[in-house]
Structure formats: C-alpha cells, structure tokens
Amino acid sequence: MAEKQTHNIKTILTFIIPSLIGLLLFMTPINYNDAITIPIAIVSKGLQSLLGDTITAIVTAIIAITTTASVITKLFKPAMIINHAFFNSLLNVTPAWLVVRILGAIFVVMTFFGVGPEAITSGDTGALILNDLLPSLFSVFIFAGMLLPLLMNFGLLEFIGTLLTKIMRPVFNLPGRSAVDCMASWLGDGSVAILMTSKQYEKRLYTQREAAVIGTTFSAVSITFSLVVISQVRLEHMFVPFYLTVCFAGIVAAIIVPKLPPLRWKKDDYIDNTPRHPDDEVIPEGHGVFSWGLEQALVKAGQANGIKQTFKDGIKNVIDMVFGVIPVVMGIGTIALIIAEYTPVFQYLGMPFIPLLELLQVPEAAEASKTIVVGFADMFIPSILASSIESDMTRFIIAALSVTQLIYMSEVGALLMGSKIPINIFELFVVFILRTLVTLPIIAGAAHLIF
C-alpha cells in the first residue's frame with residue numbers, strides 16, 4: 001500500500017500558482033476587439049505591431065545567422081558548440097536539414113532584398129512566407145516558448161495525465177500520460193509534444209506502437225497555430241466553432257487511424273524490444289484517481305527548480321523554436337509554394353478528391369482539391385492557397401482540414417523522422433492520407449451546420 005506523503009504549503013503553492021497562470025494565458029478564451037482569442041495571442045499580436053516592418057529584417061537576420069552557424073559547426077566542429085548539448089542539437093544538424101537551412105537562407109535574403117527569380121521572391125511564394133507567415137510565427141514563438149514551462153514544470157501535466165488514464169487506455173489504447181503530450185502540443189506546439197514523446201520512448205515509458213501513434217495522432221496543432229491558420233483565411237471571428245470542429249474531427253481520427261495499417265502493425269514492445277508491462281498505470285491502494293494525480297503533481301512541483309531555472313527553460317524553448325523552426329519553414333514553405341504555384345503536381349494529386357468534395361457539396365470543389373495534398377509539405381500552405389477562394393464555407397473547411405491532417409514535412413514529419421520513434425516517410429504519407437479521408441467528411445458536415 002502506498003504511503004500518503006505530506007507536502008508543505010510551499011510545494012502546494014508551487015503546483016497551484018504557475019499552473020493557474022499557465023492555464024489562464026494558454027487556455028482562457030477572452031473577447032478582444034470583437035473576437036474570441038486567448039491572452040497569449042493578444043500579446044503576440046501586440047509584439048508584432050510594436051516591431052512593425054523591422055520584424056522581416058529580424059527574421060532574415062535570424063535565418064542567416066542560424067545557417068552560417070550551422071555551416072561553421074558542420075565544417076569546423078568548434079568545441080564550444082559540439083560540447084554544449086543544447087547548441088550541438090540546435091546547430092549540428094544532419095546534412096539534409098543543413099541543405100534545407102541553406103535554401104531557407106538563400107530564399108530569405110533574395111526575398112528581403114528583392115533580387116533573383118520572380119518564382120522565389122514573388123508575393124505568392126517567398127514574399128508571402130517572409131511578410132505574412134514568419135512575423136506571426138516569430139511573435140507567437142517568443143511568448144509561447146517563454147511561458148510553456150508554466151505548464152510543463154510544475155505538475156499540471158502529471159495531474160491531468162493521471163485523471164485521464166481512465167479515458168486514454170479504454171478509448172485510444174494509450175497510457176494516461178499521453179494525454180499530457182496532447183495537452184502540451186494543444187497548448188504549446190506540436191514540436192514540443194514530439195520531443196516529449198521521443199524522450200519518453202527513449203526512457204521506456206512508451207512502446208514502439210504507442211510512440212508512433214502518439215507522434216502521428218496526438219501531436220496536435222496548438223491553439224496559437226490554429227489562430228494563425230484561421231486568420232490567414234480571414235475567419236478569425238469564427239475561431240470557437242472552428243476549433244471545436246478541429247477537436248471533434250481529431251478525436252475521431254485518433255480512434256480510427258491507429259486501428260489501420262501502418263500504425264496497427266507497430267510492435268507493442270519498448271525501445272529495447274522488451275514487451276510492455278501492464279501494471280505501470282495501476283493506482284496504488286489507498287489512493288483514488290484524484291488523490292494519486294495530486295500526489296504525482298506535488299512530487300513534480302517539489303522537484304521544480306525555482307524561477308531562474310524556469311526562465312532558462314523558457315529562453316531555451318524560444319531559441320529552439322525561433323532558430324530551429326523558422327529557417328525550415330522558410331526553406332520548405334517556399335519550395336512547396338513554388339511547386340504549388342508553378343507546377344501542376346498538387347493539382348494532379350488533389351484530383352481524386354474532387355468527386356469526394358462534390359459529394360460533400362463543398363463549393364468551388366476543384367479549387368479546394370488543389371489544397372488538400374499540399375498540406376503534406378507544410379500546414380500553412382493550404383490556408384495560404386485558400387485565401388483567394390470566394391466561399392467562406394470552403395475556406396473554413398480547408399483551414400480545419402489542414403489543421404487535422406497533422407503530418408506536415410516542414411515540422412511534425414521532419415521531427416518524427418529525426419527522432420528515434422520507429423516511422424518512415426512512406427508510412428507518414430499513408431497516415432496523412434488516412435487522416436484526410438477520415439476527417440474531411442466530419443469537417444464538411446460541421447461546416448454545413450455552421451454556414
């Protein structure tokens with residue numbers, strides 16, 4: 001029988017105060033300028049308007065610095081970077097990612113100074129990414145990265161994870177703690193959840209199947225990212241029905257897709273090929289779900305390292321997101337937009353979806369079909385292409401679909417392939433198509449009810 005520990009008032013407050021502040025900033029919907037939004041999005045927008053036009057210069061400098069530092073690290077392996085775990089993981093990237101960063105730097109410099117081929121610098125390709133997308137990403141990353149430790153470090157996720165074990169195992173056949181990864185991505189960033197999943201897989205807390213399912217199913221798109229997407233299609237006043245639709249479609253996909261190949265073929269063994277032990281989620285005698293969740297949370301809060309460490313963790317998150325993700329978005333985003341604008345590739349790939357869209361009575365079905373498969377390259381591109389579509393309903397469907405498709409190579413797919421989680425690019429594409437087929441009818445149905 002587990003002893004009930006007593007915790008001092010300091011530990012209890014260490015759990016409660018940061019967790020409440022985190023919930024307030026990331027999850028509390030408020031009415032601002034006649035639109036429903038969350039506090040973190042308001043401060044991000046504030047920073048964006050404060051910096052004004054200088055933001056594109058800042059972003060250009062960041063991409064150029066990251067790429068130069070990555071090239072130097074690859075060629076000369078300076079000890080100060082190689083021996084520093086954080087900077088080594090940030091700058092010592094694989095050759096493929098180095099190429100993406102170099103392309104991102106070339107594109108951003110050409111676009112910023114307006115030199116080079118129109119295909120790269122035009123308002124439909126490079127300039128669209130640099131002027132529209134990166135400033136909002138930059139502002140969101142600064143605040144979300146800085147404040148994410150409030151959710152991660154003080155026991156909130158342990159508490160929620162224990163409470164949700166009773167749901168996660170019967171409904172999704174996953175451990176309760178996977179709800180924590182979902183919360184982290186839902187509140188913060190999908191990349192954070194994949195890093196969490198990967199770390200827990202390496203520590204034998206998830207099996208191969210669980211890690212692959214969580215990485216492709218529960219690394220949801222964050223509230224803040226969803227705000228960027230819905231703003232791009234000029235429907236921010238509909239954020240609440242949009243997000244409810246996304247959540248419902250995502251839950252249905254989370255139940256169905258893991259039961260199909262390739263995810264159902266993954267082994268239920270740990271990273272070292274030992275089978276899963278079934279008693280790891282048993283709530284000890286003498287505890288209820290709530291009291292055990294609280295106990296786990298207070299243990300975590302007791303290990304928290306004060307304000308200074310929390311601030312350091314926040315700074316690391318910001319550097320990781322700003323310097324790690326932004327060059328990749330510029331590189332892959334621009335290439336995908338060039339392919340989407342100047343070649344018929346995504347048009348051909350989208351053609352099989354035209355009959356389905358017509359069956360679902362989606363207006364401008366042919367235009368909409370071009371955006372469906374392009375989401376595999378980058379999550380923002382469908383909503384960028386959709387912004388020219390007349391029908392509000394079609395723009396709503398495309399925006400919601402791009403968020404629920406979940407697997408996009410500029411971030412989630414790239415991170416999954418770079419981690420130890422056992423999944424390859426072909427399996428990722430199959431999961432992407434399955435998620436599209438499962439969620440599209442649900443989203444279209446919701447759109448018919450809303451419009």
# chains A, B, ... in the order shown; residues from 1 in each chain; ligands from 1
>>> closest_atom_pairs(of="stretch 113-226 of chain A", to="stretch 325-334 of chain A", cutoff="9 Å", atoms="only C-alpha atoms", output="tab-separated table")
residue	atom	partner	partner_atom	distance
A:Ile120	CA	A:Thr334	CA	7.1
A:Thr125	CA	A:Thr334	CA	5.6
A:Gly126	CA	A:Thr334	CA	5.3
A:Ala127	CA	A:Thr334	CA	8.8
A:Leu128	CA	A:Thr334	CA	8.6
A:Ile129	CA	A:Met330	CA	6.5
A:Leu130	CA	A:Met330	CA	7.3
A:Leu134	CA	A:Ile326	CA	7.0
A:Leu137	CA	A:Ile326	CA	7.8
A:Phe138	CA	A:Ile326	CA	7.7
>>> select_by_dssp(residues="stretch 14-100 of chain A", states="strand (DSSP E or B)", output="PDB file with C-alpha atoms, in the first residue's frame")
ATOM      1  CA  ILE A  30     -11.443  36.168 -23.880  1.00  0.00           C
ATOM      2  CA  ASN A  31     -13.291  38.672 -26.035  1.00  0.00           C
ATOM      3  CA  TYR A  32     -10.842  41.149 -27.569  1.00  0.00           C
ATOM      4  CA  ALA A  35     -13.207  38.392 -31.480  1.00  0.00           C
ATOM      5  CA  ILE A  36     -12.674  35.440 -29.142  1.00  0.00           C
ATOM      6  CA  THR A  37      -8.994  34.764 -28.577  1.00  0.00           C
TER       7      THR A  37
END
>>> select_by_dssp(residues="stretch 359-395 of chain A", states="helix (DSSP H, G or I)", output="count of residues only")
24
>>> residues_around(residues="A:Phe113", least_positions_apart="2", cutoff="12 Å", atoms="only C-alpha atoms", output="PyMOL selection string")
chain A and resi 56-57+60+106-111+115-117+120-122+126-127+130
>>> atom_distance(atom1="atom CA of A:Ser219", atom2="atom CA of A:Ile251")
12.1 Å
>>> residues_around(residues="stretch 150-163 of chain A", least_positions_apart="5", cutoff="10 Å", atoms="only C-alpha atoms", output="MDAnalysis selection string")
chainID A and resid 11:23 25:26 168 175:184 187:188 281 283 288:306 309:311 313:314
